[in-house]
Each structure stands twice: as structure tokens, then as C-alpha cells.
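S.K.: Next up, input30.txt (compact mmCIF, C-alpha atoms).
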# COMPACT_ATOMS: atom_id res chain seq x y z
CA MET J 1 -15.37 -18.86 -16.45
CA THR J 2 -12.61 -17.19 -18.48
CA LYS J 3 -11.67 -15.11 -15.46
CA VAL J 4 -11.35 -18.19 -13.25
CA LYS J 5 -9.25 -20.06 -15.79
CA VAL J 6 -6.82 -17.18 -16.28
CA PHE J 7 -6.52 -16.72 -12.54
CA THR J 8 -5.71 -20.43 -12.14
CA ASN J 9 -3.01 -20.10 -14.81
CA ILE J 10 -1.56 -17.05 -13.07
CA LEU J 11 -1.44 -18.94 -9.75
CA LYS J 12 0.21 -21.94 -11.45
CA ALA J 13 2.90 -19.73 -12.99
CA ASN J 14 3.34 -18.03 -9.60
CA ASP J 15 3.78 -21.35 -7.78
CA SER J 16 6.48 -22.50 -10.14
CA LEU J 17 8.45 -19.27 -9.62
CA ALA J 18 7.87 -19.48 -5.88
CA GLN J 19 9.48 -22.95 -5.93
CA LYS J 20 12.47 -21.47 -7.74
CA ASN J 21 12.82 -18.76 -5.07
CA LYS J 22 12.39 -21.34 -2.31
CA LYS J 23 15.21 -23.45 -3.72
CA LEU J 24 17.54 -20.47 -3.75
CA PHE J 25 16.73 -19.65 -0.11
CA LYS J 26 17.16 -23.30 0.88
CA LYS J 27 20.47 -23.74 -0.96
CA ASN J 28 21.88 -20.76 0.93
CA GLY J 29 20.31 -21.66 4.29
CA VAL J 30 18.42 -18.36 4.40
CA TYR J 31 15.26 -18.31 6.53
CA THR J 32 12.64 -16.22 4.71
CA ILE J 33 9.50 -14.50 5.99
CA ASN J 34 6.55 -13.01 4.10
CA LEU J 35 5.16 -10.24 6.38
CA MET J 36 1.57 -9.19 5.76
CA SER J 37 -1.04 -6.85 7.31
CA SER J 38 -3.51 -4.06 6.61
CA PRO J 39 -2.03 -0.69 5.67
CA GLY J 40 -0.64 0.98 8.77
CA SER J 41 -0.60 -1.95 11.21
CA GLY J 42 3.11 -1.42 11.78
CA LYS J 43 5.04 -3.76 9.46
CA THR J 44 7.86 -1.31 8.75
CA SER J 45 8.08 -0.29 12.42
CA LEU J 46 8.47 -3.98 13.30
CA LEU J 47 11.27 -4.30 10.74
CA GLU J 48 13.05 -1.23 12.12
CA ARG J 49 12.93 -2.65 15.66
CA THR J 50 13.88 -6.18 14.56
CA VAL J 51 16.78 -5.13 12.35
CA ASP J 52 18.09 -2.72 14.97
CA SER J 53 17.99 -5.43 17.68
CA LEU J 54 19.30 -8.41 15.70
CA LYS J 55 21.62 -7.04 13.01
CA ASP J 56 24.76 -7.60 15.09
CA GLU J 57 24.02 -11.29 15.63
CA LEU J 58 22.17 -12.26 12.42
CA LYS J 59 22.90 -11.41 8.78
CA ILE J 60 19.61 -9.81 7.75
CA ALA J 61 18.27 -8.35 4.51
CA VAL J 62 14.89 -6.81 3.72
CA LEU J 63 12.76 -6.54 0.58
CA GLU J 64 10.05 -3.86 0.68
CA GLY J 65 6.85 -3.99 -1.39
CA ASP J 66 4.57 -1.02 -1.99
CA LEU J 67 2.35 0.44 -4.71
CA GLN J 68 4.37 3.66 -4.80
CA THR J 69 7.32 5.39 -3.08
CA ALA J 70 10.57 4.04 -1.66
CA ASN J 71 9.71 5.43 1.79
CA ASP J 72 9.78 2.09 3.59
CA ALA J 73 13.13 1.06 2.12
CA LYS J 74 14.54 4.45 3.19
CA ARG J 75 13.41 3.76 6.75
CA ILE J 76 15.36 0.45 6.74
CA GLU J 77 18.42 1.78 4.86
CA LYS J 78 19.71 3.67 7.89
CA TYR J 79 20.47 0.36 9.66
CA ASN J 80 23.08 -0.47 7.00
CA ILE J 81 21.69 -3.79 5.88
CA PRO J 82 20.85 -4.77 2.27
CA VAL J 83 17.38 -3.46 1.38
CA THR J 84 15.54 -2.81 -1.86
CA GLN J 85 12.08 -1.60 -2.79
CA ILE J 86 9.63 -3.11 -5.26
CA ASN J 87 6.94 -0.72 -6.51
CA THR J 88 3.96 -2.69 -7.81
CA ASP J 89 2.59 0.38 -9.62
CA GLY J 90 -0.98 -0.19 -8.47
CA ALA J 91 -0.91 -3.98 -8.00
CA CYS J 92 -2.36 -5.12 -4.69
CA HIS J 93 0.18 -7.78 -3.68
CA LEU J 94 3.67 -9.07 -4.37
CA ASP J 95 4.03 -12.17 -6.52
CA ALA J 96 6.87 -14.68 -6.96
CA ASN J 97 7.94 -13.11 -10.25
CA MET J 98 8.50 -9.70 -8.63
CA ILE J 99 10.58 -11.38 -5.93
CA ASP J 100 12.56 -13.38 -8.53
CA ASN J 101 13.35 -10.14 -10.39
CA ALA J 102 14.60 -8.47 -7.22
CA LEU J 103 16.82 -11.29 -5.93
CA ASP J 104 19.91 -10.31 -7.96
CA PHE J 105 20.26 -7.35 -5.63
CA TYR J 106 21.21 -9.65 -2.73
CA ASN J 107 24.16 -11.92 -2.02
CA PHE J 108 22.33 -14.83 -0.38
CA LYS J 109 25.56 -16.61 0.53
CA GLU J 110 26.11 -13.79 3.02
CA LEU J 111 22.59 -13.90 4.54
CA GLU J 112 20.74 -15.83 7.26
CA LEU J 113 17.40 -13.99 7.53
CA PHE J 114 15.46 -12.46 4.63
CA ILE J 115 12.25 -10.54 5.39
CA ILE J 116 9.81 -9.56 2.64
CA GLU J 117 7.32 -6.85 3.58
CA ASN J 118 4.23 -7.29 1.41
CA VAL J 119 1.84 -4.58 0.19
CA GLY J 120 -0.51 -3.39 2.96
CA ASN J 121 -3.57 -5.53 2.26
CA LEU J 122 -5.32 -8.24 4.28
CA VAL J 123 -6.85 -9.96 1.24
CA CYS J 124 -4.83 -10.36 -1.96
CA PRO J 125 -1.31 -11.19 -0.65
CA ALA J 126 -2.75 -14.38 0.92
CA GLY J 127 -3.16 -15.99 -2.51
CA PHE J 128 0.45 -15.68 -3.67
CA ASP J 129 3.31 -17.86 -2.44
CA LEU J 130 6.62 -15.99 -2.75
CA GLY J 131 8.82 -18.95 -1.79
CA GLU J 132 8.94 -17.99 1.89
CA ASP J 133 9.46 -20.40 4.79
CA ASP J 134 6.78 -18.79 6.93
CA ARG J 135 4.07 -16.18 6.67
CA VAL J 136 3.69 -13.69 9.49
CA VAL J 137 0.43 -11.73 9.72
CA MET J 138 0.06 -8.63 11.86
CA VAL J 139 -3.03 -6.89 13.24
CA SER J 140 -3.06 -3.82 15.47
CA THR J 141 -5.41 -3.08 18.35
CA PRO J 142 -7.06 0.07 16.86
CA GLU J 143 -8.18 -1.98 13.82
CA GLY J 144 -10.70 -3.85 15.96
CA ASP J 145 -10.93 -7.46 17.03
CA ASP J 146 -12.98 -8.79 14.10
CA LYS J 147 -10.13 -9.22 11.62
CA PRO J 148 -9.57 -13.02 11.94
CA ILE J 149 -13.23 -13.89 11.33
CA LYS J 150 -13.59 -11.33 8.52
CA TYR J 151 -10.33 -12.16 6.70
CA PRO J 152 -9.79 -15.84 7.60
CA ILE J 153 -7.71 -16.87 4.58
CA ILE J 154 -4.63 -14.83 5.47
CA PHE J 155 -4.72 -16.16 9.06
CA ARG J 156 -5.16 -19.78 7.93
CA LYS J 157 -1.92 -19.61 5.93
CA ALA J 158 0.14 -17.85 8.60
CA THR J 159 2.59 -19.38 11.06
CA VAL J 160 2.71 -16.34 13.36
CA LEU J 161 0.18 -13.68 14.39
CA LEU J 162 1.64 -10.45 15.78
CA ILE J 163 -0.86 -8.30 17.70
CA ASN J 164 0.72 -4.84 17.53
CA LYS J 165 0.04 -1.46 19.20
CA MET J 166 -0.56 -3.03 22.61
CA ASP J 167 0.26 0.45 23.98
CA LEU J 168 -3.09 1.64 22.51
CA LEU J 169 -5.12 -1.33 23.82
CA SER J 170 -6.74 0.56 26.70
CA TYR J 171 -8.00 3.30 24.34
CA THR J 172 -9.80 0.82 22.07
CA ASN J 173 -12.55 -1.79 22.46
CA PHE J 174 -10.21 -4.53 21.19
CA THR J 175 -10.71 -7.77 23.12
CA LEU J 176 -7.52 -9.85 23.10
CA SER J 177 -9.23 -13.10 24.06
CA LYS J 178 -11.63 -12.75 21.10
CA VAL J 179 -8.82 -12.31 18.56
CA ARG J 180 -6.77 -15.11 20.07
CA GLY J 181 -9.79 -17.43 20.16
CA ASP J 182 -10.98 -16.65 16.62
CA ALA J 183 -7.46 -16.90 15.17
CA LEU J 184 -6.76 -20.23 16.89
CA LYS J 185 -10.08 -21.63 15.65
CA ILE J 186 -8.91 -20.83 12.09
CA LYS J 187 -5.32 -22.02 12.64
CA PRO J 188 -4.93 -24.08 15.83
CA ASP J 189 -1.11 -24.05 15.92
CA LEU J 190 -0.76 -20.31 15.20
CA LYS J 191 1.99 -18.76 17.32
CA ILE J 192 0.77 -15.46 18.78
CA PHE J 193 2.86 -12.57 20.14
CA GLU J 194 1.37 -9.45 21.74
CA ILE J 195 3.74 -6.60 20.98
CA SER J 196 4.21 -2.84 20.74
CA CYS J 197 6.70 -1.58 18.18
CA LYS J 198 6.46 1.79 19.95
CA THR J 199 7.37 0.72 23.49
CA GLY J 200 9.17 -2.55 22.67
CA GLU J 201 6.73 -4.61 24.76
CA GLY J 202 6.68 -8.30 23.84
CA LEU J 203 9.37 -8.07 21.17
CA ASP J 204 11.85 -10.31 23.01
CA GLY J 205 9.58 -13.31 22.43
CA TRP J 206 9.43 -12.50 18.72
CA TYR J 207 13.22 -12.13 18.52
CA ASN J 208 13.76 -15.47 20.27
CA TRP J 209 11.35 -17.16 17.89
CA LEU J 210 13.25 -15.68 14.93
CA ARG J 211 16.64 -16.73 16.37
CA LYS J 212 15.41 -20.31 16.71
CA LYS J 213 13.99 -20.37 13.17
CA VAL J 214 17.18 -18.99 11.64
CA LYS J 215 19.31 -21.46 13.57
CA ASN J 216 17.15 -24.42 12.46
CA LYS J 217 17.28 -23.29 8.84
CA VAL J 218 21.01 -22.76 8.74
CA THR J 219 21.72 -26.19 10.28
CA SER J 220 19.02 -28.13 8.39
CA MET M 1 -0.36 -9.45 -22.13
CA THR M 2 -3.21 -11.96 -21.72
CA LYS M 3 -3.63 -10.89 -18.13
CA VAL M 4 -3.89 -7.22 -19.05
CA LYS M 5 -6.40 -7.89 -21.81
CA VAL M 6 -8.67 -9.96 -19.58
CA PHE M 7 -8.50 -7.33 -16.87
CA THR M 8 -9.48 -4.66 -19.41
CA ASN M 9 -12.45 -6.78 -20.46
CA ILE M 10 -13.48 -7.27 -16.84
CA LEU M 11 -13.33 -3.52 -16.25
CA LYS M 12 -15.35 -2.87 -19.42
CA ALA M 13 -18.07 -5.29 -18.31
CA ASN M 14 -18.00 -3.70 -14.87
CA ASP M 15 -18.40 -0.19 -16.27
CA SER M 16 -21.44 -1.15 -18.27
CA LEU M 17 -23.14 -2.65 -15.19
CA ALA M 18 -22.10 0.38 -13.13
CA GLN M 19 -23.90 2.59 -15.66
CA LYS M 20 -27.01 0.44 -15.25
CA ASN M 21 -26.85 0.85 -11.45
CA LYS M 22 -26.24 4.58 -11.82
CA LYS M 23 -29.36 4.97 -13.98
CA LEU M 24 -31.47 3.21 -11.36
CA PHE M 25 -30.16 5.48 -8.60
CA LYS M 26 -30.70 8.57 -10.77
CA LYS M 27 -34.23 7.61 -11.82
CA ASN M 28 -35.19 7.32 -8.17
CA GLY M 29 -33.29 10.40 -6.99
CA VAL M 30 -31.18 8.31 -4.60
CA TYR M 31 -27.78 9.75 -3.66
CA THR M 32 -25.28 6.88 -3.48
CA ILE M 33 -21.91 6.62 -1.76
CA ASN M 34 -19.13 4.04 -2.12
CA LEU M 35 -17.31 4.01 1.25
CA MET M 36 -13.76 2.66 1.23
CA SER M 37 -10.83 2.26 3.67
CA SER M 38 -8.29 -0.18 5.12
CA PRO M 39 -9.69 -2.92 7.35
CA GLY M 40 -10.56 -1.45 10.73
CA SER M 41 -10.47 2.28 9.94
CA GLY M 42 -14.04 2.61 11.19
CA LYS M 43 -16.39 2.37 8.19
CA THR M 44 -19.12 0.46 10.02
CA SER M 45 -18.81 2.70 13.09
CA LEU M 46 -19.31 5.71 10.81
CA LEU M 47 -22.43 4.09 9.35
CA GLU M 48 -23.82 3.36 12.81
CA ARG M 49 -23.34 7.00 13.86
CA THR M 50 -24.64 8.38 10.55
CA VAL M 51 -27.73 6.19 10.39
CA ASP M 52 -28.55 6.81 14.04
CA SER M 53 -28.28 10.59 13.59
CA LEU M 54 -30.02 10.98 10.22
CA LYS M 55 -32.55 8.16 9.93
CA ASP M 56 -35.45 10.31 11.17
CA GLU M 57 -34.87 12.99 8.53
CA LEU M 58 -33.50 10.99 5.55
CA LYS M 59 -34.62 7.68 4.09
CA ILE M 60 -31.38 5.67 4.28
CA ALA M 61 -30.39 2.16 3.25
CA VAL M 62 -27.04 0.38 3.53
CA LEU M 63 -25.31 -2.36 1.55
CA GLU M 64 -22.46 -4.12 3.36
CA GLY M 65 -19.56 -5.83 1.58
CA ASP M 66 -17.21 -8.30 3.24
CA LEU M 67 -15.26 -11.45 2.45
CA GLN M 68 -17.05 -13.41 5.14
CA THR M 69 -19.65 -12.97 7.92
CA ALA M 70 -22.78 -10.83 8.16
CA ASN M 71 -21.42 -9.06 11.24
CA ASP M 72 -21.47 -5.56 9.77
CA ALA M 73 -25.04 -5.87 8.48
CA LYS M 74 -26.07 -7.06 11.94
CA ARG M 75 -24.55 -3.93 13.45
CA ILE M 76 -26.68 -1.76 11.12
CA GLU M 77 -29.87 -3.84 11.39
CA LYS M 78 -30.65 -2.61 14.88
CA TYR M 79 -31.39 0.88 13.49
CA ASN M 80 -34.36 -0.52 11.55
CA ILE M 81 -33.33 0.58 8.09
CA PRO M 82 -33.00 -1.66 5.01
CA VAL M 83 -29.60 -3.39 5.04
CA THR M 84 -28.14 -6.42 3.33
CA GLN M 85 -24.76 -8.11 3.24
CA ILE M 86 -22.74 -9.23 0.25
CA ASN M 87 -20.09 -11.87 1.00
CA THR M 88 -17.44 -11.82 -1.69
CA ASP M 89 -16.11 -15.24 -0.60
CA GLY M 90 -12.49 -14.20 -0.80
CA ALA M 91 -12.72 -11.46 -3.45
CA CYS M 92 -10.93 -8.26 -2.49
CA HIS M 93 -13.49 -5.67 -3.62
CA LEU M 94 -17.11 -5.19 -4.61
CA ASP M 95 -17.94 -4.91 -8.31
CA ALA M 96 -20.94 -3.51 -10.17
CA ASN M 97 -22.33 -7.00 -10.82
CA MET M 98 -22.47 -7.82 -7.10
CA ILE M 99 -24.31 -4.54 -6.50
CA ASP M 100 -26.69 -5.21 -9.39
CA ASN M 101 -27.52 -8.63 -7.92
CA ALA M 102 -28.25 -7.13 -4.49
CA LEU M 103 -30.47 -4.23 -5.63
CA ASP M 104 -33.70 -6.24 -5.71
CA PHE M 105 -33.59 -6.26 -1.93
CA TYR M 106 -34.29 -2.50 -1.82
CA ASN M 107 -37.28 -0.36 -2.78
CA PHE M 108 -35.44 2.62 -4.27
CA LYS M 109 -38.63 4.64 -4.69
CA GLU M 110 -38.68 4.85 -0.92
CA LEU M 111 -35.02 5.90 -0.52
CA GLU M 112 -32.95 9.10 -0.58
CA LEU M 113 -29.50 7.98 0.60
CA PHE M 114 -27.83 4.65 -0.23
CA ILE M 115 -24.46 3.85 1.31
CA ILE M 116 -22.33 0.95 0.09
CA GLU M 117 -19.57 -0.15 2.47
CA ASN M 118 -16.83 -1.75 0.39
CA VAL M 119 -14.44 -4.55 1.46
CA GLY M 120 -11.68 -3.26 3.77
CA ASN M 121 -8.88 -2.66 1.27
CA LEU M 122 -7.07 0.50 0.20
CA VAL M 123 -6.05 -0.88 -3.21
CA CYS M 124 -8.48 -3.01 -5.23
CA PRO M 125 -11.84 -1.26 -4.62
CA ALA M 126 -10.42 1.87 -6.31
CA GLY M 127 -10.54 0.17 -9.74
CA PHE M 128 -14.24 -0.72 -9.74
CA ASP M 129 -17.06 1.77 -10.32
CA LEU M 130 -20.25 0.57 -8.65
CA GLY M 131 -22.50 3.29 -10.08
CA GLU M 132 -22.10 5.56 -7.05
CA ASP M 133 -22.38 9.37 -7.10
CA ASP M 134 -19.36 9.87 -4.86
CA ARG M 135 -16.54 7.89 -3.33
CA VAL M 136 -15.66 8.50 0.28
CA VAL M 137 -12.29 7.27 1.54
CA MET M 138 -11.46 6.98 5.23
CA VAL M 139 -8.12 6.78 7.03
CA SER M 140 -7.60 6.60 10.79
CA THR M 141 -4.87 8.24 12.83
CA PRO M 142 -3.23 5.01 14.16
CA GLU M 143 -2.63 3.86 10.55
CA GLY M 144 0.01 6.53 10.08
CA ASP M 145 0.14 9.61 7.88
CA ASP M 146 1.72 8.02 4.80
CA LYS M 147 -1.45 6.54 3.30
CA PRO M 148 -2.18 9.19 0.61
CA ILE M 149 1.31 9.02 -0.91
CA LYS M 150 1.47 5.22 -0.68
CA TYR M 151 -2.05 4.52 -2.02
CA PRO M 152 -2.69 7.55 -4.27
CA ILE M 153 -5.22 5.97 -6.67
CA ILE M 154 -8.01 5.59 -4.13
CA PHE M 155 -7.54 9.20 -2.98
CA ARG M 156 -7.49 10.55 -6.56
CA LYS M 157 -10.93 9.09 -7.24
CA ALA M 158 -12.52 10.20 -3.96
CA THR M 159 -14.72 13.22 -3.31
CA VAL M 160 -14.37 13.10 0.47
CA LEU M 161 -11.58 12.11 2.86
CA LEU M 162 -12.63 11.27 6.40
CA ILE M 163 -9.78 11.27 8.93
CA ASN M 164 -11.15 9.08 11.74
CA LYS M 165 -10.04 8.25 15.30
CA MET M 166 -9.13 11.84 16.09
CA ASP M 167 -9.54 10.77 19.75
CA LEU M 168 -6.35 8.68 19.34
CA LEU M 169 -4.36 11.44 17.57
CA SER M 170 -2.28 12.40 20.61
CA TYR M 171 -1.16 8.77 21.14
CA THR M 172 0.19 8.44 17.59
CA ASN M 173 2.79 10.19 15.43
CA PHE M 174 0.14 11.06 12.82
CA THR M 175 0.68 14.57 11.41
CA LEU M 176 -2.61 16.03 10.20
CA SER M 177 -0.99 18.71 8.03
CA LYS M 178 1.03 16.04 6.17
CA VAL M 179 -2.04 13.95 5.32
CA ARG M 180 -4.07 17.01 4.32
CA GLY M 181 -1.19 18.34 2.19
CA ASP M 182 -0.42 15.03 0.47
CA ALA M 183 -4.11 14.26 -0.17
CA LEU M 184 -4.79 17.72 -1.62
CA LYS M 185 -1.77 17.43 -3.89
CA ILE M 186 -3.31 14.22 -5.30
CA LYS M 187 -6.87 15.62 -5.44
CA PRO M 188 -6.98 19.42 -5.03
CA ASP M 189 -10.75 19.68 -4.46
CA LEU M 190 -10.96 16.81 -1.95
CA LYS M 191 -13.32 17.66 0.91
CA ILE M 192 -11.71 16.67 4.23
CA PHE M 193 -13.42 16.05 7.59
CA GLU M 194 -11.55 15.26 10.81
CA ILE M 195 -13.81 13.03 12.87
CA SER M 196 -14.08 10.55 15.71
CA CYS M 197 -16.78 7.92 15.45
CA LYS M 198 -16.11 7.17 19.11
CA THR M 199 -16.63 10.66 20.58
CA GLY M 200 -18.73 12.15 17.76
CA GLU M 201 -16.17 14.93 17.13
CA GLY M 202 -16.48 16.52 13.68
CA LEU M 203 -19.46 14.44 12.56
CA ASP M 204 -21.83 17.42 12.24
CA GLY M 205 -19.83 18.72 9.29
CA TRP M 206 -20.09 15.32 7.61
CA TYR M 207 -23.86 15.13 8.25
CA ASN M 208 -24.40 18.63 6.80
CA TRP M 209 -22.40 17.69 3.71
CA LEU M 210 -24.57 14.56 3.29
CA ARG M 211 -27.81 16.53 3.78
CA LYS M 212 -26.79 18.96 1.03
CA LYS M 213 -25.81 16.17 -1.36
CA VAL M 214 -29.08 14.29 -0.81
CA LYS M 215 -31.11 17.47 -1.28
CA ASN M 216 -29.29 18.32 -4.53
CA LYS M 217 -29.81 14.79 -5.87
CA VAL M 218 -33.49 14.60 -5.03
CA THR M 219 -34.22 17.98 -6.65
CA SER M 220 -31.91 17.53 -9.66
Please re-express this file's structure in C-alpha cells.

M.R.:
Amino acid sequence: MTKVKVFTNILKANDSLAQKNKKLFKKNGVYTINLMSSPGSGKTSLLERTVDSLKDELKIAVLEGDLQTANDAKRIEKYNIPVTQINTDGACHLDANMIDNALDFYNFKELELFIIENVGNLVCPAGFDLGEDDRVVMVSTPEGDDKPIKYPIIFRKATVLLINKMDLLSYTNFTLSKVRGDALKIKPDLKIFEISCKTGEGLDGWYNWLRKKVKNKVTS
Amino acid sequence: MTKVKVFTNILKANDSLAQKNKKLFKKNGVYTINLMSSPGSGKTSLLERTVDSLKDELKIAVLEGDLQTANDAKRIEKYNIPVTQINTDGACHLDANMIDNALDFYNFKELELFIIENVGNLVCPAGFDLGEDDRVVMVSTPEGDDKPIKYPIIFRKATVLLINKMDLLSYTNFTLSKVRGDALKIKPDLKIFEISCKTGEGLDGWYNWLRKKVKNKVTS
């Protein structure tokens, strides 16, 4: 019982900080994404592709979350956009307080799109609102097609599902129709893109979706 | 501070139950493994291969852990060994209490090898002793070769590292020497096997290691 009560208090404190972050993003018309997946599904590769393709038309910044290392931030740094790294030092997800502490690094008046890459984990990040507009969850074909039914919570709270590593599809026993069907049962209006961050397949649809979202946010 | 204190208490309670589980395994001469990885690295495929290959020479049982579904237990059931499924209902790891509650299902006097498949998660399971003899951590080649340096805790506490999906190695940019080097820096005596649960490559070494461990436990 004690455990449950403390966890409820932690979530309450998190929600109030998430609202604070959300207000800041809204005030500045910055569309914000919370990007989540298992370790190694391809979140940072997606960010590299996305930043490289859109940085001349949209003002983008990235916030990287990881237990250890600044490796992911270094991968983004070479595109000359604002990026910083949060190290959770063992913690399994980002929370709104970590985001709040990192926001001073950015000049939100100068931004349109802010992408937060969460810790690689298909369970814990689902419980913590960071103040984002939308959650994007990614799975990759070699992980197998049972992820939506085995980890439903993270899919239920997502707006977009990215199915990555389509270039490896034919080497796996991943059935696209099963993942699409299971995911849509959990979240009927989930937007699904089949992509490969290696070959670029399917990324145009994702970019167009992002463009629309940023435009709506800026003008809202 | 409250959060830290409660977490310490939870870990203390967990350790005392883990010791209870450990005593039961020891009394019955049952060698016990805690198998951990990201979602979709191939834990259940490894169990299917291992059980199928060794069930006629070793008395094996399996305990499956997942947030939802009994799918993994169903995959093991067809080999006619004792298997049961724990659903954590959203929790991100197994703990010693969950194991303790499930042990009545098994007749440990009749067992030699007990394998616990943890929830797919490279972070949280590392913190919770279940009473196992050894921890086995698995990574797969499509996940990328940065997992040991990004998730060092789970590697530090492992006895064995299984590098799975070697059949996909040539389609990825996974560098074996990097993973081996990084993992051995974290845990110098880590035993590493390169395997493919799809083709069977490298599994003989893993089976021989298991045979030796079971023999040592039974006769100790």
C-alpha cells in the first residue's frame, strides 16, 4: 500500500510539472514529441534522418535521454541544431522534472519543433507525461510482431506508430498485418507509418505528418 | 528523499524474499537462471531451442514473465515441460515476491534446471534479485552495438552475454568486437556466446555451458 501511495504522489508531482512544460511549449508555438521504443529500435537514426531532411524548413531542437553516455546527442550535434543530453543515471524513463531542468538550454522563441528521445524502454516511459503534444512509439521488424499485445499501455497513449527496419522485413517472421491489427485494436485512431531509417523508405509520409502538425501548432 | 528511502525498503524486502527462493533452489539442487533482454531480442526463441534440445537429458522447467498475455508460456507448453506465466499487469520487471508466489506450481524435487524469463526491459530487471544462480543477458544484432555502454548495470551483474540474431549480422552495422570489448570492460569475466536462435548457430556452446552448470549444482 505504501508503495502505491508514493507512486501516486510521484505521478501527481510529475503531472503538475508536465503542465508547466506544456504551457511553455504552447506559449511559444512549439510542437513537441515524446519518442519512445525498445532499446535499439532506431529512435536516434530516425532523428538523424528527420533533422537532416527538415532542418532547412523547420526550426528543430532535440533533447536526448539515456541512462549513460552522451553518444546520442553527439550523433545529432553534427546537424548544427540545438541538442542536449539528459543522463538518468540508472533511471528507466524521463520525467517532467528532468525535462523542466533541461529547458533553460533552449531558446523556445526560436523553435517550431522539439523532439524528446526517451530512454529505450517499452514499459516505464508510458507512465510519465513530459508535457508533449504527441507520443510517437516505434517498433522494428526484428523485434517480432507481438509488441502491441504484450506492451499495450505505451501503444494506447501514442498518436503515431512507426514500424522501422522495413529493409529487414523479409529476413524476419514479422507479420505487418498482425501488428497493424493489434495496434489499431488498442488505439483505433493510431497513425501508422512503415519506414526504414536505413534506406529512407516511407519517411516522406512521416515528414509530411510532422510538417502539418508543426504548422497547426504555430498557427493555433 | 522519500522516494529513495521507499525504494531502498522495497529492495530490502525483495532481497530477503530472494534469499528464501535461493534456499529452495539450493535445497533441491536446481540450477536457476534469470534471463533478461530488451523486448524482442529472442528470449522465448532461445527457451524453445534450449528446451527442445535438452529436455530429454535434463529436467527443465520455465517461468515466464510479461506485462500481459500468456503467449510466451503457450510457446513453451508444447514441449511438455512445467511452465507457468506471471503477468505483472504493467510492472516493468519481475521481483522475488512474484517468483515466490509462483513456486508452488513446480515440484522442485523433480527438477534440475529452472529458467525464469524476465519482462523485456534492459533497465529495471537489473535491480531485482530473484534468487537465481546466474543472470543471462541477451542482445541481438539489429539492436545496435551500443547496448553495453548505454545500459551497463544489467551487463555488470550478468554471468553470460548471448549475442543473438547472428544470421542478421551482415544486414546491420553491428560490430561484434565493439560489443565484446565494451561488455568485457564492464564485466571482465563475462562469458560470451554468439548465437542464432533461427539457424541454431553457436547454440552447442551455450548448451554445454548449461550442462556443466547443472551438473555442478546438482553435485554441490

S.K.: Rounded to one decimal, what separation in Å do you get between CA of Ala61 (chain M) and CA of Gly144 (chain J)?

M.R.: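 Value for the CA of Ala61 (chain M)-CA of Gly144 (chain J) distance: 24.2 Å.
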
S.K.: What does the distance between CA of Val137 (chain J) and CA of Arg135 (chain M) come to in Å, to one decimal place?

M.R.: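 So the two atoms, CA of Val137 (chain J) and CA of Arg135 (chain M), lie 29.0 Å apart.
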
S.K.: Taking only C-alpha atoms into account, find every residue of chain J that has an atom no more than 8 Å from chain M, and write it out as a PyMOL selection string.

M.R.: chain J and resi 3+6+38-42+66-69+90-92+121-124+142-144+147+149-151+153+168+171

S.K.: Considering all atoms listed in the file, return as a list of chain:residue names whatever protein or nucleic-acid residues lie within 8 Å of Ile76 (chain M), sequence-local ones (same chain, fewer than 4 positions apart) excluded.

M.R.: M:Thr44, M:Leu47, M:Glu48, M:Val62, M:Asp72, M:Asn80, M:Ile81, M:Val83

S.K.: Between J:Ile163, J:Pro82, J:Lys185, J:Leu103, which has the minimum distance to Lys22 (chain J) (counting all atoms listed in the file)?

M.R.: J:Leu103

S.K.: May I have the residues at most 12 Å from (-19.1, 13.2, 16.8) in the file's coordinates, counting all atoms listed in the file, as a list of chain:residue names?

M.R.: M:Ser45, M:Leu46, M:Glu48, M:Arg49, M:Thr50, M:Asp52, M:Ser53, M:Asn164, M:Lys165, M:Met166, M:Asp167, M:Phe193, M:Glu194, M:Ile195, M:Ser196, M:Cys197, M:Lys198, M:Thr199, M:Gly200, M:Glu201, M:Gly202, M:Leu203, M:Asp204, M:Gly205, M:Trp206, M:Tyr207

S.K.: With N, CA and C atoms as the goal, would you fill in the gaps in region 91-102 of chain J and present it as a CSV table (one decimal), keeping the file's coordinate frame?

M.R.:
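rebuild-v6.csv, written as the output of this step:
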chain,number,residue,atom,x,y,z
J,91,ALA,N,-0.5,-2.6,-8.3
J,91,ALA,CA,-0.9,-4.0,-8.0
J,91,ALA,C,-1.0,-4.2,-6.5
J,92,CYS,N,-1.9,-5.0,-6.1
J,92,CYS,CA,-2.4,-5.1,-4.7
J,92,CYS,C,-1.6,-6.1,-3.9
J,93,HIS,N,-0.6,-6.8,-4.4
J,93,HIS,CA,0.2,-7.8,-3.7
J,93,HIS,C,1.5,-8.0,-4.4
J,94,LEU,N,2.5,-8.6,-3.7
J,94,LEU,CA,3.7,-9.1,-4.4
J,94,LEU,C,3.4,-10.4,-5.0
J,95,ASP,N,4.1,-10.8,-6.0
J,95,ASP,CA,4.0,-12.2,-6.5
J,95,ASP,C,5.5,-12.7,-6.7
J,96,ALA,N,5.6,-14.0,-6.9
J,96,ALA,CA,6.9,-14.7,-7.0
J,96,ALA,C,7.8,-14.1,-8.1
J,97,ASN,N,7.2,-13.7,-9.1
J,97,ASN,CA,7.9,-13.1,-10.2
J,97,ASN,C,8.6,-11.8,-9.8
J,98,MET,N,7.9,-11.0,-9.1
J,98,MET,CA,8.5,-9.7,-8.6
J,98,MET,C,9.7,-10.0,-7.7
J,99,ILE,N,9.5,-11.0,-6.9
J,99,ILE,CA,10.6,-11.4,-5.9
J,99,ILE,C,11.8,-11.9,-6.7
J,100,ASP,N,11.5,-12.8,-7.7
J,100,ASP,CA,12.6,-13.4,-8.5
J,100,ASP,C,13.4,-12.3,-9.2
J,101,ASN,N,12.7,-11.3,-9.7
J,101,ASN,CA,13.4,-10.1,-10.4
J,101,ASN,C,14.2,-9.3,-9.4
J,102,ALA,N,13.9,-9.3,-8.2
J,102,ALA,CA,14.6,-8.5,-7.2
J,102,ALA,C,15.8,-9.2,-6.6
